[in-house]
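Source file: run.pdb; contents: PDB, C-alpha atoms (C1' of nucleotides).
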```pdb
ATOM      1  CA  MET B 293       0.000   0.000   0.000
ATOM      2  CA  THR B 294       1.506   3.302  -1.100
ATOM      3  CA  PRO B 295       1.420   6.251   1.297
ATOM      4  CA  ALA B 296      -1.311   7.841  -0.825
ATOM      5  CA  GLU B 297      -3.394   4.673  -0.663
ATOM      6  CA  GLU B 298      -2.846   4.434   3.082
ATOM      7  CA  LEU B 299      -4.012   8.016   3.465
ATOM      8  CA  ALA B 300      -7.081   7.411   1.319
ATOM      9  CA  ALA B 301      -7.906   4.267   3.295
ATOM     10  CA  LEU B 302      -7.582   6.174   6.556
ATOM     11  CA  GLN B 303      -9.877   8.914   5.323
ATOM     12  CA  ALA B 304     -12.474   6.438   4.091
ATOM     13  CA  VAL B 305     -12.414   4.479   7.336
ATOM     14  CA  CYS B 306     -12.575   7.549   9.570
ATOM     15  CA  GLY B 307     -15.437   8.982   7.545
ATOM     16  CA  ALA B 308     -17.320   5.707   7.724
ATOM     17  CA  LEU B 309     -16.880   5.403  11.485
ATOM     18  CA  ALA B 310     -18.143   8.921  12.121
ATOM     19  CA  HIS B 311     -21.773   7.810  12.222
ATOM     20  CA  PRO B 312     -22.952   5.713  15.180
ATOM     21  CA  ALA B 313     -25.234   3.567  13.027
ATOM     22  CA  ARG B 314     -22.288   2.558  10.873
ATOM     23  CA  ARG B 315     -20.152   1.651  13.876
ATOM     24  CA  GLN B 316     -23.078  -0.355  15.182
ATOM     25  CA  ILE B 317     -23.448  -2.194  11.883
ATOM     26  CA  LEU B 318     -19.815  -3.268  11.969
ATOM     27  CA  LEU B 319     -20.132  -4.530  15.542
ATOM     28  CA  ILE B 320     -23.345  -6.405  14.829
ATOM     29  CA  VAL B 321     -21.938  -8.102  11.757
ATOM     30  CA  HIS B 322     -18.799  -9.017  13.679
ATOM     31  CA  PHE B 323     -20.680 -10.612  16.562
ATOM     32  CA  ARG B 324     -23.115 -12.408  14.292
ATOM     33  CA  GLY B 325     -20.324 -14.321  12.610
ATOM     34  CA  GLY B 326     -18.855 -11.821  10.191
ATOM     35  CA  ALA B 327     -21.577 -11.697   7.544
ATOM     36  CA  MET B 328     -25.282 -10.826   7.394
ATOM     37  CA  THR B 329     -27.857 -10.028   4.757
ATOM     38  CA  ALA B 330     -29.124  -6.492   4.268
ATOM     39  CA  GLY B 331     -32.472  -7.499   5.704
ATOM     40  CA  GLU B 332     -30.999  -8.951   8.874
ATOM     41  CA  ILE B 333     -29.030  -5.781   9.400
ATOM     42  CA  ALA B 334     -31.888  -3.414   8.583
ATOM     43  CA  ALA B 335     -34.185  -5.283  10.983
ATOM     44  CA  ARG B 336     -31.952  -4.263  13.867
ATOM     45  CA  PHE B 337     -32.292  -0.555  13.274
ATOM     46  CA  ASP B 338     -35.131   1.828  13.878
ATOM     47  CA  CYS B 339     -34.493   3.867  10.762
ATOM     48  CA  ALA B 340     -36.062   3.066   7.414
ATOM     49  CA  TRP B 341     -34.448   0.395   5.294
ATOM     50  CA  PRO B 342     -33.204   2.769   2.561
ATOM     51  CA  THR B 343     -31.378   4.712   5.229
ATOM     52  CA  THR B 344     -29.581   1.559   6.308
ATOM     53  CA  THR B 345     -28.863   0.724   2.682
ATOM     54  CA  ARG B 346     -27.019   3.995   2.327
ATOM     55  CA  HIS B 347     -24.983   3.345   5.455
ATOM     56  CA  LEU B 348     -24.078  -0.035   4.009
ATOM     57  CA  ARG B 349     -22.978   1.636   0.795
ATOM     58  CA  VAL B 350     -20.697   3.959   2.731
ATOM     59  CA  LEU B 351     -19.164   1.009   4.566
ATOM     60  CA  VAL B 352     -18.601  -0.877   1.314
ATOM     61  CA  ALA B 353     -17.035   2.219  -0.251
ATOM     62  CA  ALA B 354     -14.702   2.407   2.744
ATOM     63  CA  GLY B 355     -13.743  -1.217   2.198
ATOM     64  CA  LEU B 356     -15.075  -2.225   5.610
ATOM     65  CA  LEU B 357     -17.782  -4.470   4.204
ATOM     66  CA  ALA B 358     -17.664  -6.718   1.155
ATOM     67  CA  LEU B 359     -20.841  -7.270  -0.812
ATOM     68  CA  GLU B 360     -21.792 -10.677  -2.164
ATOM     69  CA  ARG B 361     -25.019 -11.308  -4.071
ATOM     70  CA  ARG B 362     -26.771 -14.587  -3.363
ATOM     71  CA  GLY B 363     -30.044 -14.942  -5.184
ATOM     72  CA  ARG B 364     -32.247 -12.065  -4.198
ATOM     73  CA  GLU B 365     -30.373 -11.520  -0.978
ATOM     74  CA  ARG B 366     -27.213  -9.508  -0.534
ATOM     75  CA  ARG B 367     -24.706 -10.612   2.013
ATOM     76  CA  TYR B 368     -22.433  -8.076   3.624
ATOM     77  CA  ALA B 369     -19.226  -9.511   5.039
ATOM     78  CA  LEU B 370     -16.977  -7.689   7.461
ATOM     79  CA  VAL B 371     -13.461  -6.830   6.282
ATOM     80  CA  ALA B 372     -11.974  -6.232   9.712
ATOM     81  CA  GLU B 373      -8.407  -5.895   8.405
ATOM     82  CA  ARG B 374      -9.504  -2.647   6.832
ATOM     83  CA  LEU B 375      -9.604  -1.155  10.329
ATOM     84  CA  ASP B 376      -5.840  -1.593  10.454
ATOM     85  CA  ALA B 377      -5.356   1.704   8.648
ATOM     86  CA  LEU B 378      -6.868   3.425  11.657
ATOM     87  CA  GLU B 379      -4.931   1.326  14.154
ATOM     88  CA  ARG B 380      -1.687   2.182  12.409
ATOM     89  CA  TRP B 381      -2.614   5.846  12.638
ATOM     90  CA  LEU B 382      -3.430   5.564  16.334
ATOM     91  CA  ALA B 383      -0.127   3.799  16.899
ATOM     92  CA  TRP B 384       1.753   7.029  16.187
ATOM     93  CA  PHE B 385       0.564   8.320  19.527
ATOM     94  CA  HIS B 386       2.184   5.429  21.323
ATOM     95  CA  ARG B 387       5.531   6.143  19.763
ATOM     96  CA  ALA B 388       7.878   8.375  21.694
ATOM     97  CA  ILE B 389       8.392  11.873  20.404
TER      98      ILE B 389
ATOM     99  CA  MET H  55     -16.657   6.068  32.998
ATOM    100  CA  THR H  56     -20.251   4.915  32.639
ATOM    101  CA  PRO H  57     -21.305   3.136  29.446
ATOM    102  CA  ALA H  58     -23.182   6.274  28.384
ATOM    103  CA  GLU H  59     -20.087   8.399  28.909
ATOM    104  CA  GLU H  60     -17.975   5.890  27.037
ATOM    105  CA  LEU H  61     -20.420   6.025  24.138
ATOM    106  CA  ALA H  62     -20.452   9.816  24.125
ATOM    107  CA  ALA H  63     -16.658   9.891  24.219
ATOM    108  CA  LEU H  64     -16.480   7.485  21.297
ATOM    109  CA  GLN H  65     -18.889   9.576  19.273
ATOM    110  CA  ALA H  66     -17.006  12.783  19.995
ATOM    111  CA  VAL H  67     -13.656  11.244  19.118
ATOM    112  CA  CYS H  68     -14.880   9.598  15.917
ATOM    113  CA  GLY H  69     -16.534  12.802  14.801
ATOM    114  CA  ALA H  70     -13.406  14.782  15.502
ATOM    115  CA  LEU H  71     -11.187  12.363  13.593
ATOM    116  CA  ALA H  72     -13.416  12.455  10.528
ATOM    117  CA  HIS H  73     -11.682  15.523   9.106
ATOM    118  CA  PRO H  74      -8.118  15.163   7.795
ATOM    119  CA  ALA H  75      -7.076  18.574   9.110
ATOM    120  CA  ARG H  76      -8.062  17.583  12.628
ATOM    121  CA  ARG H  77      -6.144  14.308  12.436
ATOM    122  CA  GLN H  78      -3.183  16.276  11.156
ATOM    123  CA  ILE H  79      -3.412  18.747  14.026
ATOM    124  CA  LEU H  80      -3.265  15.934  16.570
ATOM    125  CA  LEU H  81      -0.225  14.396  14.884
ATOM    126  CA  ILE H  82       1.582  17.719  14.629
ATOM    127  CA  VAL H  83       0.978  18.584  18.258
ATOM    128  CA  HIS H  84       2.112  15.129  19.314
ATOM    129  CA  PHE H  85       5.378  15.298  17.385
ATOM    130  CA  ARG H  86       6.094  18.850  18.476
ATOM    131  CA  GLY H  87       6.139  17.844  22.113
ATOM    132  CA  GLY H  88       2.484  17.585  23.014
ATOM    133  CA  ALA H  89       1.510  21.250  23.094
ATOM    134  CA  MET H  90       1.505  24.182  20.685
ATOM    135  CA  THR H  91      -0.035  27.635  20.442
ATOM    136  CA  ALA H  92      -2.899  28.324  18.083
ATOM    137  CA  GLY H  93      -0.599  30.419  15.914
ATOM    138  CA  GLU H  94       2.007  27.686  15.582
ATOM    139  CA  ILE H  95      -0.679  25.252  14.542
ATOM    140  CA  ALA H  96      -2.449  27.630  12.177
ATOM    141  CA  ALA H  97       0.858  28.475  10.481
ATOM    142  CA  ARG H  98       1.151  24.869   9.331
ATOM    143  CA  PHE H  99      -2.123  24.863   7.430
ATOM    144  CA  ASP H 100      -3.136  26.425   4.164
ATOM    145  CA  CYS H 101      -6.605  27.315   5.307
ATOM    146  CA  ALA H 102      -7.438  30.619   7.000
ATOM    147  CA  TRP H 103      -6.765  30.926  10.701
ATOM    148  CA  PRO H 104     -10.443  31.072  11.730
ATOM    149  CA  THR H 105     -10.964  27.771   9.982
ATOM    150  CA  THR H 106      -8.203  26.222  12.050
ATOM    151  CA  THR H 107      -9.668  27.816  15.165
ATOM    152  CA  ARG H 108     -12.886  25.975  14.537
ATOM    153  CA  HIS H 109     -11.088  22.669  14.053
ATOM    154  CA  LEU H 110      -9.341  23.299  17.366
ATOM    155  CA  ARG H 111     -12.681  23.935  19.008
ATOM    156  CA  VAL H 112     -13.989  20.610  17.738
ATOM    157  CA  LEU H 113     -10.922  18.839  19.099
ATOM    158  CA  VAL H 114     -11.296  20.526  22.493
ATOM    159  CA  ALA H 115     -14.987  19.615  22.569
ATOM    160  CA  ALA H 116     -13.999  16.015  21.889
ATOM    161  CA  GLY H 117     -11.563  16.157  24.778
ATOM    162  CA  LEU H 118      -8.598  15.474  22.515
ATOM    163  CA  LEU H 119      -6.978  18.853  23.181
ATOM    164  CA  ALA H 120      -6.848  20.831  26.398
ATOM    165  CA  LEU H 121      -6.815  24.603  26.204
ATOM    166  CA  GLU H 122      -4.587  26.712  28.419
ATOM    167  CA  ARG H 123      -4.458  30.501  28.195
ATOM    168  CA  ARG H 124      -1.065  32.126  28.623
ATOM    169  CA  GLY H 125      -1.093  35.862  28.158
ATOM    170  CA  ARG H 126      -2.405  36.571  24.716
ATOM    171  CA  GLU H 127      -1.485  33.131  23.464
ATOM    172  CA  ARG H 128      -3.506  29.983  23.806
ATOM    173  CA  ARG H 129      -1.736  26.710  24.192
ATOM    174  CA  TYR H 130      -3.381  23.528  23.030
ATOM    175  CA  ALA H 131      -2.134  20.374  24.719
ATOM    176  CA  LEU H 132      -2.760  16.889  23.401
ATOM    177  CA  VAL H 133      -4.843  14.572  25.573
ATOM    178  CA  ALA H 134      -3.762  11.336  23.926
ATOM    179  CA  GLU H 135      -5.520   9.133  26.488
ATOM    180  CA  ARG H 136      -8.768  10.352  25.037
ATOM    181  CA  LEU H 137      -8.033   8.225  21.972
ATOM    182  CA  ASP H 138      -8.408   5.181  24.200
ATOM    183  CA  ALA H 139     -12.174   5.257  23.734
ATOM    184  CA  LEU H 140     -11.598   4.506  20.076
ATOM    185  CA  GLU H 141      -8.954   1.884  20.773
ATOM    186  CA  ARG H 142     -11.283   0.090  23.130
ATOM    187  CA  TRP H 143     -13.932   0.096  20.433
ATOM    188  CA  LEU H 144     -11.507  -1.271  17.852
ATOM    189  CA  ALA H 145     -10.458  -3.971  20.297
ATOM    190  CA  TRP H 146     -13.874  -5.618  19.944
ATOM    191  CA  PHE H 147     -12.844  -6.761  16.504
ATOM    192  CA  HIS H 148      -9.845  -8.571  17.899
ATOM    193  CA  ARG H 149     -11.975 -10.555  20.301
ATOM    194  CA  ALA H 150     -13.206 -13.922  19.094
ATOM    195  CA  ILE H 151     -16.853 -14.209  18.229
TER     196      ILE H 151
ATOM    197  C1'  DA R 242     -47.127 -14.702 -16.680
ATOM    198  C1'  DT R 243     -48.143 -12.992 -11.996
ATOM    199  C1'  DA R 244     -47.370 -12.164  -7.571
ATOM    200  C1'  DA R 245     -44.409 -11.941  -3.651
ATOM    201  C1'  DT R 246     -39.900 -11.083  -1.619
ATOM    202  C1'  DA R 247     -35.385  -8.767  -0.974
ATOM    203  C1'  DT R 248     -33.189  -4.812  -1.736
ATOM    204  C1'  DT R 249     -31.764  -0.638  -3.995
ATOM    205  C1'  DT R 250     -32.302   3.856  -6.378
ATOM    206  C1'  DA R 251     -34.402   8.489  -6.891
ATOM    207  C1'  DG R 252     -35.269  12.561  -5.038
ATOM    208  C1'  DC R 253     -36.753  15.793  -1.447
ATOM    209  C1'  DG R 254     -36.057  18.761   2.797
ATOM    210  C1'  DA R 255     -33.803  19.796   7.083
ATOM    211  C1'  DA R 256     -29.658  19.949   9.418
ATOM    212  C1'  DT R 257     -24.783  20.065   9.741
ATOM    213  C1'  DC R 258     -20.035  20.981   8.013
ATOM    214  C1'  DT R 259     -16.425  23.747   5.988
ATOM    215  C1'  DG R 260     -14.356  27.363   3.967
ATOM    216  C1'  DC R 261     -14.145  32.313   3.636
ATOM    217  C1'  DT R 262     -13.944  37.586   5.089
ATOM    218  C1'  DA R 263     -14.851  41.078   8.379
ATOM    219  C1'  DA R 264     -15.307  42.399  12.916
ATOM    220  C1'  DT R 265     -14.230  41.754  17.805
ATOM    221  C1'  DC R 266     -11.698  40.740  22.149
ATOM    222  C1'  DG R 267      -7.922  40.498  25.411
ATOM    223  C1'  DT R 268      -3.014  41.323  26.131
ATOM    224  C1'  DC R 269       1.380  43.403  25.548
ATOM    225  C1'  DT R 270       4.426  47.342  24.185
ATOM    226  C1'  DC R 271       5.588  51.964  23.528
TER     227       DC R 271
ATOM    228  C1'  DG Q   5      -3.910  55.288  26.142
ATOM    229  C1'  DA Q   6      -2.803  54.002  21.133
ATOM    230  C1'  DG Q   7      -1.454  50.740  18.411
ATOM    231  C1'  DA Q   8       0.256  46.054  17.424
ATOM    232  C1'  DC Q   9      -0.265  41.201  18.260
ATOM    233  C1'  DG Q  10      -2.553  36.646  19.077
ATOM    234  C1'  DA Q  11      -6.617  34.615  18.604
ATOM    235  C1'  DT Q  12     -11.625  34.138  18.477
ATOM    236  C1'  DT Q  13     -16.441  35.135  17.139
ATOM    237  C1'  DA Q  14     -20.024  36.405  13.682
ATOM    238  C1'  DG Q  15     -22.128  35.475   9.745
ATOM    239  C1'  DC Q  16     -22.505  33.973   4.986
ATOM    240  C1'  DA Q  17     -22.397  30.600   0.852
ATOM    241  C1'  DG Q  18     -21.699  26.151  -0.969
ATOM    242  C1'  DA Q  19     -21.342  21.293  -0.177
ATOM    243  C1'  DT Q  20     -22.424  17.259   2.238
ATOM    244  C1'  DT Q  21     -25.103  14.308   5.327
ATOM    245  C1'  DC Q  22     -29.126  12.013   6.897
ATOM    246  C1'  DG Q  23     -33.625  10.942   7.424
ATOM    247  C1'  DC Q  24     -37.805  10.052   4.891
ATOM    248  C1'  DT Q  25     -41.317   8.212   1.117
ATOM    249  C1'  DA Q  26     -42.175   6.512  -3.362
ATOM    250  C1'  DA Q  27     -40.689   4.063  -7.226
ATOM    251  C1'  DA Q  28     -37.793   0.714  -9.436
ATOM    252  C1'  DT Q  29     -35.025  -3.611  -9.882
ATOM    253  C1'  DA Q  30     -33.993  -8.351  -9.532
ATOM    254  C1'  DT Q  31     -34.960 -12.929  -8.028
ATOM    255  C1'  DT Q  32     -37.991 -16.648  -6.425
ATOM    256  C1'  DA Q  33     -42.511 -18.900  -6.025
ATOM    257  C1'  DT Q  34     -47.234 -19.902  -7.756
TER     258       DT Q  34
END
```

Can I see the file as structure tokens?
Amino acid sequence: MTPAEELAALQAVCGALAHPARRQILLIVHFRGGAMTAGEIAARFDCAWPTTTRHLRVLVAAGLLALERRGRERRYALVAERLDALERWLAWFHRAI
Amino acid sequence: MTPAEELAALQAVCGALAHPARRQILLIVHFRGGAMTAGEIAARFDCAWPTTTRHLRVLVAAGLLALERRGRERRYALVAERLDALERWLAWFHRAI
DNA sequence: ATAATATTTAGCGAATCTGCTAATCGTCTC
DNA sequence: GAGACGATTAGCAGATTCGCTAAATATTAT
């Protein structure tokens, strides 16, 4: 990953994590085995389904979820390694000055 | 820290980190010894000073910077421990399901 | 084919964010 | 005190975000 790619990944991840619903989606998918359909995810939120769909799109764009079509369902799978960009950024603050 | 406080801290931190300029400010302050004046920080950005002032305000509101007035200067000091809220959140993804 | 199911896209309105310039405030110096 | 300095506040314009409802798409079942 080039520095520019790393920076872009960091920006995408940080932007995606800025909304509580999107953080919640990642946690839910993680604790339900790493993958869920759009319907299963949407059922766990109070907001309308299209709203959740858009959150899912943001997470896919950030590389945090991978989309797989299975029949008329769409499975969203967590890509937890994508969070590493943020962990590497946070690690700077553990380094000595 | 109560669960509600932890959640609020996480939201504030994630929101603050969403903008690249604010992430940059935190890094700069860290690597310049942990504290800098508003002017020193603003001088390192292309945007107008008031714009930087607002970013600083967001970071203070998130608890990531602490403000100290010294004469006509204002010193912003990094509160790196505040990033822990985010690290604890990220740690969930390292736990087994 | 038709209907039902799973999900997304389109598009609107309110709220928030981000940049700017101009004006203001408190402090230091002469 | 008068002005210079360090920094913030006020207020505006454009862009983005986020929720919604309604309409469309694609797949499965009858």

Can you give me, as a PyMOL selection string, the residues this file yields under the PyMOL selection byres ((chain B and resi 346) around 12)?
(chain B and resi 308+311+313-314+317+330+334+339-345+347-353) or (chain R and resi 248-250) or (chain Q and resi 21-23)

Measuring atom to atom with only C-alpha atoms (C1' of nucleotides), identify which of R:DA263, R:DC258, R:DC271, R:DC253 is nearest to DA26 (chain Q).
R:DC253

Could you work out which residues of chain R fall inside 9 Å of chain H? Count all atoms listed in the file, and format the result as a ChimeraX atom specification.
/R:259-261,267-269

As lines of an AutoDock Vina configuration file, please report the centre and edge lengths, rounded to one decimal in Å, of the axis-aligned box that holds all listed atoms of region 15-30 of chain Q with 5 Å of padding on each of the six sides.
```
center_x = -31.8
center_y = 13.6
center_z = -0.1
size_x = 30.8
size_y = 53.8
size_z = 29.6
```

Please check the contacts: residues of chain H at most 8 Å away from chain B, using all atoms listed in the file, listed as JSON, numbers by chain.
{"H": [65, 68, 69, 71, 72, 73, 74, 81, 84, 85, 86, 87, 134, 137, 141, 144, 146, 147, 151]}

If we count all atoms listed in the file, which residues of chain Q reach to within 8 Å of chain H? Please list them as an NGL selection string.
:Q and (10-12)

Can those selected residues be exported to a file as a PDB file, in the frame of the given file so that it contains C-alpha atoms (C1' of nucleotides)?
```
ATOM      1  C1'  DG Q  10      -2.553  36.646  19.077  1.00  0.00           C
ATOM      2  C1'  DA Q  11      -6.617  34.615  18.604  1.00  0.00           C
ATOM      3  C1'  DT Q  12     -11.625  34.138  18.477  1.00  0.00           C
TER       4       DT Q  12
END
```

For the atom pair CA of Arg123 (chain H) and C1' of DT262 (chain R), what is the interatomic distance in Å to one decimal place?
26.0 Å

Would you compute the distance between CA of Glu360 (chain B) and C1' of DG252 (chain R)? Give it in Å to one decimal.
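Rounded to one decimal, the two atoms are 27.0 Å apart.
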
Given the PyMOL selection byres ((chain Q and resi 7) around 12) and the file above, list the residues it selects as a list in words.
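Selected by the PyMOL selection byres ((chain Q and resi 7) around 12) here: DC269, DT270 and DC271 of chain R; DG5, DA6, DA8 and DC9 of chain Q.
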
Coordinates-based distance that separates CA of Val83 (chain H) from CA of Arg98 (chain H) (Å, one decimal)
10.9 Å

Evaluating the PyMOL selection byres ((chain R and resi 243) around 12) on the displayed file yields which residues, as a ChimeraX atom specification?
/R:242,244-245 /Q:33-34
